[in-house]
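Q: First the structure, which I've put down as structure tokens, then a few questions once you've had a look.
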Amino acid sequence: MRTAPNPNDILEFHYVHFGHKGTPYEGGVYHGKLVFPKEYPFKPPSVIMMTPNGRFEPGKRICLSMSDFHPESWNPMWSVSSILTGLESFFYETTRTAGSVESSMAQKVAYARASMAVNIKSVMFRKLFNDIIVDWREKGGGEDAAAASVAVAEANANAAPAVTWRHLVV
């Protein structure tokens, strides 16, 4: 996991999660952000995944016990590191929550393969994590971007529509 603050907004912290070996996310590079309120550390951040991945809906807040969905369970002692450790663990579960989606294994694998092609389109990713892009290109990653986009389209066409889980208040 890599992290970097937004140089223009100290309350916005970006992270990159590298998909674990032996999972459908293997080889994936997943960009996200933590958005802290002005009252931090007394109030929890929003947790958002930006890169499509088949687990969380891109650009949507994720419901975690340590996110702004659950301020009642927030602990001011939790750091960026502890929040991201919790997110990383939750990433590999299948528990439904607000901000999560259901997808097939083939979709997750295709998203992993296409993740860098998506990330390089992000100005903030290029600004904060350019060394990851350089490394990816040195390993021939740029040549695979078009094929990865086709793989995502095929996996999506062959799968049932993704189900998005919303936070319901009763």
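Following the order of the structure tokens, first chain is A, next is B, and so on, with residues numbered from 1 inside each chain and ligands from 1 in the order they appear.
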Got a sec: who's within 12 Å of Met116 in chain A, counting only C-alpha atoms, leaving out chain neighbours fewer than 5 positions off, as an mmCIF file with N, CA and C atoms, in the first residue's frame?
A:
data_model
loop_
_atom_site.group_PDB
_atom_site.id
_atom_site.type_symbol
_atom_site.label_atom_id
_atom_site.label_comp_id
_atom_site.auth_asym_id
_atom_site.auth_seq_id
_atom_site.Cartn_x
_atom_site.Cartn_y
_atom_site.Cartn_z
ATOM 1 N N VAL A 16 -2.755 3.825 -2.877
ATOM 2 C CA VAL A 16 -2.720 2.822 -3.930
ATOM 3 C C VAL A 16 -2.612 1.471 -3.247
ATOM 4 N N HIS A 17 -3.548 0.610 -3.581
ATOM 5 C CA HIS A 17 -3.543 -0.757 -3.062
ATOM 6 C C HIS A 17 -3.148 -1.677 -4.215
ATOM 7 N N PHE A 18 -2.199 -2.555 -3.979
ATOM 8 C CA PHE A 18 -1.744 -3.517 -4.981
ATOM 9 C C PHE A 18 -2.427 -4.853 -4.706
ATOM 10 N N GLY A 19 -3.154 -5.376 -5.707
ATOM 11 C CA GLY A 19 -3.891 -6.627 -5.541
ATOM 12 C C GLY A 19 -2.985 -7.771 -5.113
ATOM 13 N N GLY A 27 -2.233 -8.372 -9.544
ATOM 14 C CA GLY A 27 -1.731 -7.522 -10.618
ATOM 15 C C GLY A 27 -2.457 -6.192 -10.729
ATOM 16 N N GLY A 28 -3.564 -6.055 -10.018
ATOM 17 C CA GLY A 28 -4.319 -4.808 -10.056
ATOM 18 C C GLY A 28 -3.663 -3.731 -9.217
ATOM 19 N N VAL A 29 -3.812 -2.502 -9.660
ATOM 20 C CA VAL A 29 -3.295 -1.334 -8.942
ATOM 21 C C VAL A 29 -4.500 -0.421 -8.730
ATOM 22 N N TYR A 30 -4.930 -0.308 -7.473
ATOM 23 C CA TYR A 30 -6.197 0.344 -7.153
ATOM 24 C C TYR A 30 -5.980 1.658 -6.405
ATOM 25 N N HIS A 31 -6.414 2.723 -7.039
ATOM 26 C CA HIS A 31 -6.270 4.078 -6.497
ATOM 27 C C HIS A 31 -7.545 4.459 -5.748
ATOM 28 N N MET A 50 -11.290 4.761 -6.334
ATOM 29 C CA MET A 50 -11.440 5.429 -7.622
ATOM 30 C C MET A 50 -11.325 4.464 -8.807
ATOM 31 N N THR A 51 -10.503 3.443 -8.689
ATOM 32 C CA THR A 51 -10.252 2.513 -9.783
ATOM 33 C C THR A 51 -11.310 1.411 -9.796
ATOM 34 N N PRO A 52 -11.947 1.139 -10.945
ATOM 35 C CA PRO A 52 -12.884 0.014 -11.016
ATOM 36 C C PRO A 52 -12.180 -1.283 -10.611
ATOM 37 N N ASN A 53 -12.879 -2.106 -9.812
ATOM 38 C CA ASN A 53 -12.230 -3.301 -9.276
ATOM 39 C C ASN A 53 -13.161 -4.485 -9.085
ATOM 40 N N ALA A 110 -10.462 -9.067 -15.028
ATOM 41 C CA ALA A 110 -10.379 -8.094 -16.124
ATOM 42 C C ALA A 110 -10.130 -6.682 -15.594
ATOM 43 N N TYR A 111 -10.803 -6.326 -14.503
ATOM 44 C CA TYR A 111 -10.565 -5.008 -13.905
ATOM 45 C C TYR A 111 -9.122 -4.884 -13.419
ATOM 46 N N LYS A 121 -5.147 7.769 -16.550
ATOM 47 C CA LYS A 121 -6.025 8.855 -17.003
ATOM 48 C C LYS A 121 -6.313 9.855 -15.889
ATOM 49 N N SER A 122 -5.996 9.490 -14.659
ATOM 50 C CA SER A 122 -6.259 10.354 -13.506
ATOM 51 C C SER A 122 -5.108 11.333 -13.286
ATOM 52 N N PHE A 125 -3.519 10.716 -9.854
ATOM 53 C CA PHE A 125 -2.685 9.514 -9.826
ATOM 54 C C PHE A 125 -1.337 9.814 -10.480
ATOM 55 N N ARG A 126 -1.366 10.466 -11.644
ATOM 56 C CA ARG A 126 -0.112 10.795 -12.338
ATOM 57 C C ARG A 126 0.758 11.713 -11.491
ATOM 58 N N PHE A 129 1.689 9.449 -8.006
ATOM 59 C CA PHE A 129 2.244 8.095 -8.112
ATOM 60 C C PHE A 129 2.886 7.850 -9.476
ATOM 61 N N ASN A 130 3.545 8.869 -10.012
ATOM 62 C CA ASN A 130 4.156 8.748 -11.331
ATOM 63 C C ASN A 130 5.181 7.616 -11.405
ATOM 64 N N ILE A 132 4.982 4.722 -10.174
ATOM 65 C CA ILE A 132 4.266 3.469 -10.456
ATOM 66 C C ILE A 132 3.989 3.370 -11.952
ATOM 67 N N ILE A 133 3.642 4.495 -12.575
ATOM 68 C CA ILE A 133 3.402 4.524 -14.020
ATOM 69 C C ILE A 133 4.685 4.208 -14.775
ATOM 70 N N VAL A 134 5.790 4.834 -14.362
ATOM 71 C CA VAL A 134 7.082 4.596 -15.017
ATOM 72 C C VAL A 134 7.444 3.114 -14.935
ATOM 73 N N ASP A 135 7.306 2.529 -13.763
ATOM 74 C CA ASP A 135 7.611 1.108 -13.568
ATOM 75 C C ASP A 135 6.714 0.230 -14.441
ATOM 76 N N TRP A 136 5.433 0.550 -14.502
ATOM 77 C CA TRP A 136 4.470 -0.203 -15.305
ATOM 78 C C TRP A 136 4.847 -0.152 -16.791
ATOM 79 N N ARG A 137 5.211 1.042 -17.262
ATOM 80 C CA ARG A 137 5.587 1.188 -18.674
ATOM 81 C C ARG A 137 6.894 0.467 -18.983
ATOM 82 N N GLY A 140 6.395 -2.978 -19.871
ATOM 83 C CA GLY A 140 5.574 -3.199 -21.055
ATOM 84 C C GLY A 140 4.086 -3.063 -20.826
ATOM 85 N N GLY A 141 3.692 -2.475 -19.725
ATOM 86 C CA GLY A 141 2.279 -2.363 -19.388
ATOM 87 C C GLY A 141 1.451 -1.560 -20.361
ATOM 88 N N GLY A 142 2.014 -0.516 -20.924
ATOM 89 C CA GLY A 142 1.258 0.329 -21.834
ATOM 90 C C GLY A 142 0.791 -0.388 -23.079
ATOM 91 N N GLU A 143 1.546 -1.393 -23.507
ATOM 92 C CA GLU A 143 1.187 -2.138 -24.706
ATOM 93 C C GLU A 143 -0.043 -3.005 -24.487
ATOM 94 N N ASP A 144 -0.365 -3.300 -23.234
ATOM 95 C CA ASP A 144 -1.464 -4.197 -22.906
ATOM 96 C C ASP A 144 -2.768 -3.457 -22.604
ATOM 97 N N ALA A 145 -2.746 -2.127 -22.622
ATOM 98 C CA ALA A 145 -3.910 -1.344 -22.199
ATOM 99 C C ALA A 145 -5.140 -1.597 -23.067
ATOM 100 N N ALA A 146 -4.982 -1.638 -24.382
ATOM 101 C CA ALA A 146 -6.130 -1.859 -25.264
ATOM 102 C C ALA A 146 -6.714 -3.249 -25.052
ATOM 103 N N ALA A 148 -6.591 -4.985 -22.359
ATOM 104 C CA ALA A 148 -7.241 -4.999 -21.046
ATOM 105 C C ALA A 148 -8.634 -4.391 -21.131
ATOM 106 N N SER A 149 -8.792 -3.326 -21.891
ATOM 107 C CA SER A 149 -10.108 -2.701 -22.050
ATOM 108 C C SER A 149 -11.086 -3.650 -22.728
#
Q: Residues at most 12 Å from Asp68 in chain A, counting only C-alpha atoms, excluding those fewer than 3 positions away in the same chain, as a VMD selection string?
A: chain A and resid 34 to 37 39 to 48 61 to 65 71 to 75 83 98
Q: Could you take the residues named above and write them with C-alpha atoms, as a compact mmCIF listing (two decimals), in the first residue's frame?
A:
# COMPACT_ATOMS: atom_id res chain seq x y z
CA LEU A 34 -9.57 9.24 2.20
CA VAL A 35 -11.36 12.55 2.66
CA PHE A 36 -10.99 13.85 6.19
CA PRO A 37 -13.40 16.33 7.77
CA GLU A 39 -12.87 17.99 12.71
CA TYR A 40 -10.44 15.08 12.22
CA PRO A 41 -9.31 13.25 14.35
CA PHE A 42 -12.60 13.63 16.22
CA LYS A 43 -14.70 12.64 13.19
CA PRO A 44 -14.02 9.83 10.66
CA PRO A 45 -13.06 10.21 6.99
CA SER A 46 -14.91 9.18 3.87
CA VAL A 47 -13.28 6.19 2.16
CA ILE A 48 -13.52 6.10 -1.64
CA ARG A 61 -18.20 6.29 -0.37
CA ILE A 62 -17.59 2.88 1.20
CA CYS A 63 -19.40 1.89 4.37
CA LEU A 64 -16.83 0.69 6.92
CA SER A 65 -16.92 0.76 10.71
CA PRO A 71 -19.25 8.03 13.35
CA GLU A 72 -20.51 6.31 16.51
CA SER A 73 -17.79 3.65 16.22
CA TRP A 74 -14.98 6.04 15.28
CA ASN A 75 -11.85 6.05 17.45
CA ILE A 83 -7.85 2.85 8.28
CA ALA A 98 -22.95 0.59 0.89
Q: Counting only C-alpha atoms, which residue out of A:Ala117, A:Asp131, A:Lys33, A:Ser82 sits closest to Asp9 in chain A?
A: A:Lys33
Q: Please measure the separation of CA of Ser81 in chain A and CA of Tyr15 in chain A, giving the value in Å to one decimal.
A: 10.2 Å
Q: Write down as an MDAnalysis selection string the residues belonging to range 6-124 of chain A that are assigned strand (DSSP E or B) by DSSP computed on the backbone.
A: chainID A and resid 6 9:18 29:35 46:49 56 61 100:102
Q: Taking into account only C-alpha atoms, which residue in the set A:Val109, A:Val118, A:Leu84, A:Met77 is nearest to Thr3 in chain A?
A: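 Among A:Val109, A:Val118, A:Leu84, A:Met77, it is A:Leu84 that comes nearest to Thr3 in chain A.
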Q: I'd like to know which of A:Ser89, A:Lys38, A:Thr95, A:Glu26 is closest to Ile10 in chain A, using only C-alpha atoms.
A: A:Lys38
Q: Out of chain A, which residues get alpha helix (DSSP H) from DSSP, as number ranges by chain?
A: A: 80-91, 105-119, 123-128, 130-138, 145-158
